[in-house]
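Heads up: the structure comes next, in structure tokens.
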Amino acid sequence: MFIRMGLETLPPTTLVAMRVTVASLVLLVVIWRQGYRLPTDLDSWKNFAIQSFLNSFGAWTLLAWGQQYVESGLATVLNSTSPIFVFLLTWLVTKHEAVSLRKITGAIIGLMGIVLIIGVDALQSLGQEVVAQLAILFSAMLYGYAAIRGQKFSHLPSTVTAAGVMIFASVVLIPASIVIDQPWTLSPSLKSLTAIATLGTFGTAVALLLYFRLINTLGSLNTASQSYLRMGIGVMLGLVIFGEQLSLIVAMGVVISILGVALINIPAKQR
């Protein structure tokens, strides 16, 4: 929702550059208050560079570009496939975690729940804007691989990891924004600026603090499964804040999404 609001008056590269810059500033304040320092060794910053491409500027730029041509409902469905990519990459390539039929079943069921929440009609435009839809799918794959690589930072506090990743993303995206969009020629609305400030603070800085902690405690597939909970939380917020009505189909979708996440996360010995 906030990405869509930002795109009303800002191009994708500048939007993402502003998003990561806000997040970097917030995270620098957090690690300063905690008494931590950023690492100075080259290996750490190489890993920050790769992770920032996978977890931020690469994936987010693809998503923001694709959302210009793909309806938000279908974009959400496509972007929610990252747990399936995590499963496939873990099973076929990295083999860093145990995979099971139960987990892939949970990933597929969770995606079905997302489709029910958004509405099956959202799939009608599937295949019409192929390049843009593939870009969103590729961004989901990058998210998935980012969850796998996130375990490389287990020796660092999650706040330091999040700050390093966002700082590197800012170093890349601010010059890119200057070259591509010439931001001094833009006239962003207050609505777009407010959306980006909110997105950078809560949807990026705070979210990454939780994300890197969960990578170390839950693992990559379990952490990636949170993408199925976003829509359910959105539905609940709509009920509480805006007094929206809950249809039977949407309620079923929420329950099914939670079931999918449960199948992914419940340890085998507790089934």
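Following the order of the structure tokens, first chain is A, next is B, and so on, with residues numbered from 1 inside each chain and ligands from 1 in the order they appear.
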Identify all residues of range 7-213 of chain A in alpha helix (DSSP H) (DSSP on the backbone) and supply them as a PyMOL selection string.
chain A and resi 7+12-34+42-52+58-66+72-79+82-89+101-118+130-149+158-181+190-200+207-213
I'd like the contact shell of Ser192 in chain A - 7 Å cut-off, only C-alpha atoms, skipping same-chain residues fewer than 2 positions apart - returned as number ranges by chain.
A: 5-6, 8-9, 188-190, 194-196
Could those selected residues go to a file with C-alpha atoms, as a compact mmCIF listing (two decimals), in the first residue's frame?
```txt
# COMPACT_ATOMS: atom_id res chain seq x y z
CA MET A 5 1.21 5.68 -2.55
CA GLY A 6 4.85 6.58 -3.08
CA GLU A 8 1.97 8.22 -7.35
CA THR A 9 4.52 11.07 -7.57
CA PRO A 188 6.61 14.59 -4.71
CA SER A 189 3.35 15.02 -2.84
CA LEU A 190 3.16 15.13 0.94
CA THR A 194 4.72 10.45 4.32
CA ALA A 195 4.28 6.98 2.83
CA ILE A 196 8.04 6.66 2.22
```
Applying 9 Å and only C-alpha atoms, which residues near range 53-68 of chain A remain after dropping the ones on its own chain fewer than 2 positions away? List them as a PyMOL selection string.
chain A and resi 3-4+7+11-13+15-17+20+48-51+70-72+75+79+131-147+165-166+168-170+172-173
With C-alpha atoms kept, could you save the residues just selected as a PDB file, in the first residue's frame?
```pdb
ATOM      1  CA  ILE A   3       4.746   1.582  -2.194  1.00  0.00           C
ATOM      2  CA  ARG A   4       1.688   2.319  -4.314  1.00  0.00           C
ATOM      3  CA  LEU A   7       4.760   5.692  -6.770  1.00  0.00           C
ATOM      4  CA  PRO A  11       9.728   7.000  -9.855  1.00  0.00           C
ATOM      5  CA  PRO A  12      10.834   3.563  -8.552  1.00  0.00           C
ATOM      6  CA  THR A  13      14.580   4.194  -8.157  1.00  0.00           C
ATOM      7  CA  LEU A  15      11.394   5.818  -4.057  1.00  0.00           C
ATOM      8  CA  VAL A  16      13.646   2.918  -3.051  1.00  0.00           C
ATOM      9  CA  ALA A  17      16.622   5.255  -2.512  1.00  0.00           C
ATOM     10  CA  VAL A  20      16.682   2.803   2.368  1.00  0.00           C
ATOM     11  CA  PHE A  48      26.568  -6.590   3.255  1.00  0.00           C
ATOM     12  CA  ALA A  49      26.841  -5.720  -0.451  1.00  0.00           C
ATOM     13  CA  ILE A  50      25.446  -9.074  -1.608  1.00  0.00           C
ATOM     14  CA  GLN A  51      22.725  -9.089   1.034  1.00  0.00           C
ATOM     15  CA  VAL A  70       0.764  -5.179 -12.604  1.00  0.00           C
ATOM     16  CA  GLU A  71      -2.347  -4.746 -10.475  1.00  0.00           C
ATOM     17  CA  SER A  72      -1.612  -4.666  -6.762  1.00  0.00           C
ATOM     18  CA  ALA A  75       1.596  -8.305  -7.477  1.00  0.00           C
ATOM     19  CA  ASN A  79       5.556 -11.422  -4.320  1.00  0.00           C
ATOM     20  CA  VAL A 131       7.928  -9.103 -18.245  1.00  0.00           C
ATOM     21  CA  ALA A 132       6.590  -7.109 -15.300  1.00  0.00           C
ATOM     22  CA  GLN A 133       5.141 -10.238 -13.687  1.00  0.00           C
ATOM     23  CA  LEU A 134       8.441 -12.087 -14.136  1.00  0.00           C
ATOM     24  CA  ALA A 135      10.232  -9.122 -12.549  1.00  0.00           C
ATOM     25  CA  ILE A 136       8.008  -9.427  -9.455  1.00  0.00           C
ATOM     26  CA  LEU A 137       8.563 -13.190  -9.342  1.00  0.00           C
ATOM     27  CA  PHE A 138      12.315 -12.662  -9.620  1.00  0.00           C
ATOM     28  CA  SER A 139      12.147 -10.184  -6.739  1.00  0.00           C
ATOM     29  CA  ALA A 140      10.437 -12.910  -4.679  1.00  0.00           C
ATOM     30  CA  MET A 141      13.241 -15.314  -5.574  1.00  0.00           C
ATOM     31  CA  LEU A 142      15.817 -12.747  -4.440  1.00  0.00           C
ATOM     32  CA  TYR A 143      13.931 -12.417  -1.141  1.00  0.00           C
ATOM     33  CA  GLY A 144      14.078 -16.187  -0.802  1.00  0.00           C
ATOM     34  CA  TYR A 145      17.805 -16.408  -1.395  1.00  0.00           C
ATOM     35  CA  ALA A 146      18.342 -13.476   0.962  1.00  0.00           C
ATOM     36  CA  ALA A 147      16.667 -15.471   3.738  1.00  0.00           C
ATOM     37  CA  VAL A 165      22.782  -3.800   4.649  1.00  0.00           C
ATOM     38  CA  MET A 166      20.779  -0.563   4.477  1.00  0.00           C
ATOM     39  CA  PHE A 168      25.285  -0.218   1.438  1.00  0.00           C
ATOM     40  CA  ALA A 169      21.918  -0.039  -0.306  1.00  0.00           C
ATOM     41  CA  SER A 170      21.904   3.746   0.220  1.00  0.00           C
ATOM     42  CA  VAL A 172      24.223   2.328  -4.383  1.00  0.00           C
ATOM     43  CA  LEU A 173      20.772   3.845  -4.763  1.00  0.00           C
TER      44      LEU A 173
END
```
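Interatomic distance, CA of Leu38 in chain A against CA of Pro157 in chain A: 10.1 Å.
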Ranking A:Ala162, A:Leu259, A:Leu28, A:Ile215 by minimum distance to Asn47 in chain A and counting only C-alpha atoms, which one comes first?
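Smallest separation from Asn47 in chain A among the options: A:Ala162.
One finds CA of Ser225 in chain A at 5.8 Å from CA of Val261 in chain A.
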Give me, as number ranges by chain, all polymer residues having an atom no more than 9 Å from Val206 in chain A, counting only C-alpha atoms and skipping those fewer than 5 positions away in the same chain.
A: 23, 26-27, 200-201, 211
Using only C-alpha atoms, which residues sit within 12 Å of Ile264 in chain A once same-chain residues fewer than 3 positions away are excluded, as number ranges by chain?
A: 83-84, 86-87, 98-110, 218-226, 228, 257-261, 267-268, 271
Any idea what's packed within 10 Å of Val250 in chain A, counting only C-alpha atoms, ignoring anything in its chain fewer than 6 positions away? Could you give it as a PDB file with N, CA and C atoms, in the first residue's frame?
```pdb
ATOM      1  N   GLY A 113      -4.069 -19.521   0.445  1.00  0.00           N
ATOM      2  CA  GLY A 113      -4.769 -18.611   1.342  1.00  0.00           C
ATOM      3  C   GLY A 113      -4.663 -17.173   0.886  1.00  0.00           C
ATOM      4  N   ILE A 114      -3.476 -16.786   0.403  1.00  0.00           N
ATOM      5  CA  ILE A 114      -3.279 -15.427  -0.109  1.00  0.00           C
ATOM      6  C   ILE A 114      -4.214 -15.162  -1.287  1.00  0.00           C
ATOM      7  N   VAL A 115      -4.334 -16.135  -2.180  1.00  0.00           N
ATOM      8  CA  VAL A 115      -5.207 -15.980  -3.350  1.00  0.00           C
ATOM      9  C   VAL A 115      -6.660 -15.784  -2.911  1.00  0.00           C
ATOM     10  N   LEU A 116      -7.098 -16.537  -1.903  1.00  0.00           N
ATOM     11  CA  LEU A 116      -8.475 -16.390  -1.422  1.00  0.00           C
ATOM     12  C   LEU A 116      -8.707 -15.024  -0.781  1.00  0.00           C
ATOM     13  N   ILE A 117      -7.721 -14.532  -0.014  1.00  0.00           N
ATOM     14  CA  ILE A 117      -7.866 -13.234   0.645  1.00  0.00           C
ATOM     15  C   ILE A 117      -7.994 -12.118  -0.386  1.00  0.00           C
ATOM     16  N   ILE A 118      -7.108 -12.141  -1.373  1.00  0.00           N
ATOM     17  CA  ILE A 118      -7.089 -11.076  -2.374  1.00  0.00           C
ATOM     18  C   ILE A 118      -8.261 -11.227  -3.343  1.00  0.00           C
ATOM     19  N   GLY A 119      -8.590 -12.468  -3.646  1.00  0.00           N
ATOM     20  CA  GLY A 119      -9.660 -12.743  -4.600  1.00  0.00           C
ATOM     21  C   GLY A 119      -9.112 -13.453  -5.813  1.00  0.00           C
ATOM     22  N   MET A 231      -1.086 -10.448   4.556  1.00  0.00           N
ATOM     23  CA  MET A 231      -2.451 -10.143   4.125  1.00  0.00           C
ATOM     24  C   MET A 231      -3.446 -10.377   5.246  1.00  0.00           C
ATOM     25  N   GLY A 232      -3.225 -11.444   6.027  1.00  0.00           N
ATOM     26  CA  GLY A 232      -4.116 -11.694   7.157  1.00  0.00           C
ATOM     27  C   GLY A 232      -4.088 -10.564   8.164  1.00  0.00           C
ATOM     28  N   VAL A 235      -6.024  -7.688   6.769  1.00  0.00           N
ATOM     29  CA  VAL A 235      -7.473  -7.881   6.932  1.00  0.00           C
ATOM     30  C   VAL A 235      -7.893  -7.537   8.351  1.00  0.00           C
ATOM     31  N   ILE A 256      -6.558 -20.414   6.184  1.00  0.00           N
ATOM     32  CA  ILE A 256      -5.710 -21.281   5.370  1.00  0.00           C
ATOM     33  C   ILE A 256      -4.260 -20.782   5.376  1.00  0.00           C
TER      34      ILE A 256
END
```
If we count only C-alpha atoms and set the cut-off at 9 Å, which residues sit around Thr161 in chain A, ignoring sequence neighbours fewer than 6 positions away in its own chain? Please answer as a VMD selection string.
chain A and resid 38 48 153 to 154 208 to 209 212
How many Å lie between CA of Ala197 in chain A and CA of Met1 in chain A, rounded to one decimal?
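Here the two named atoms are 13.2 Å from each other.
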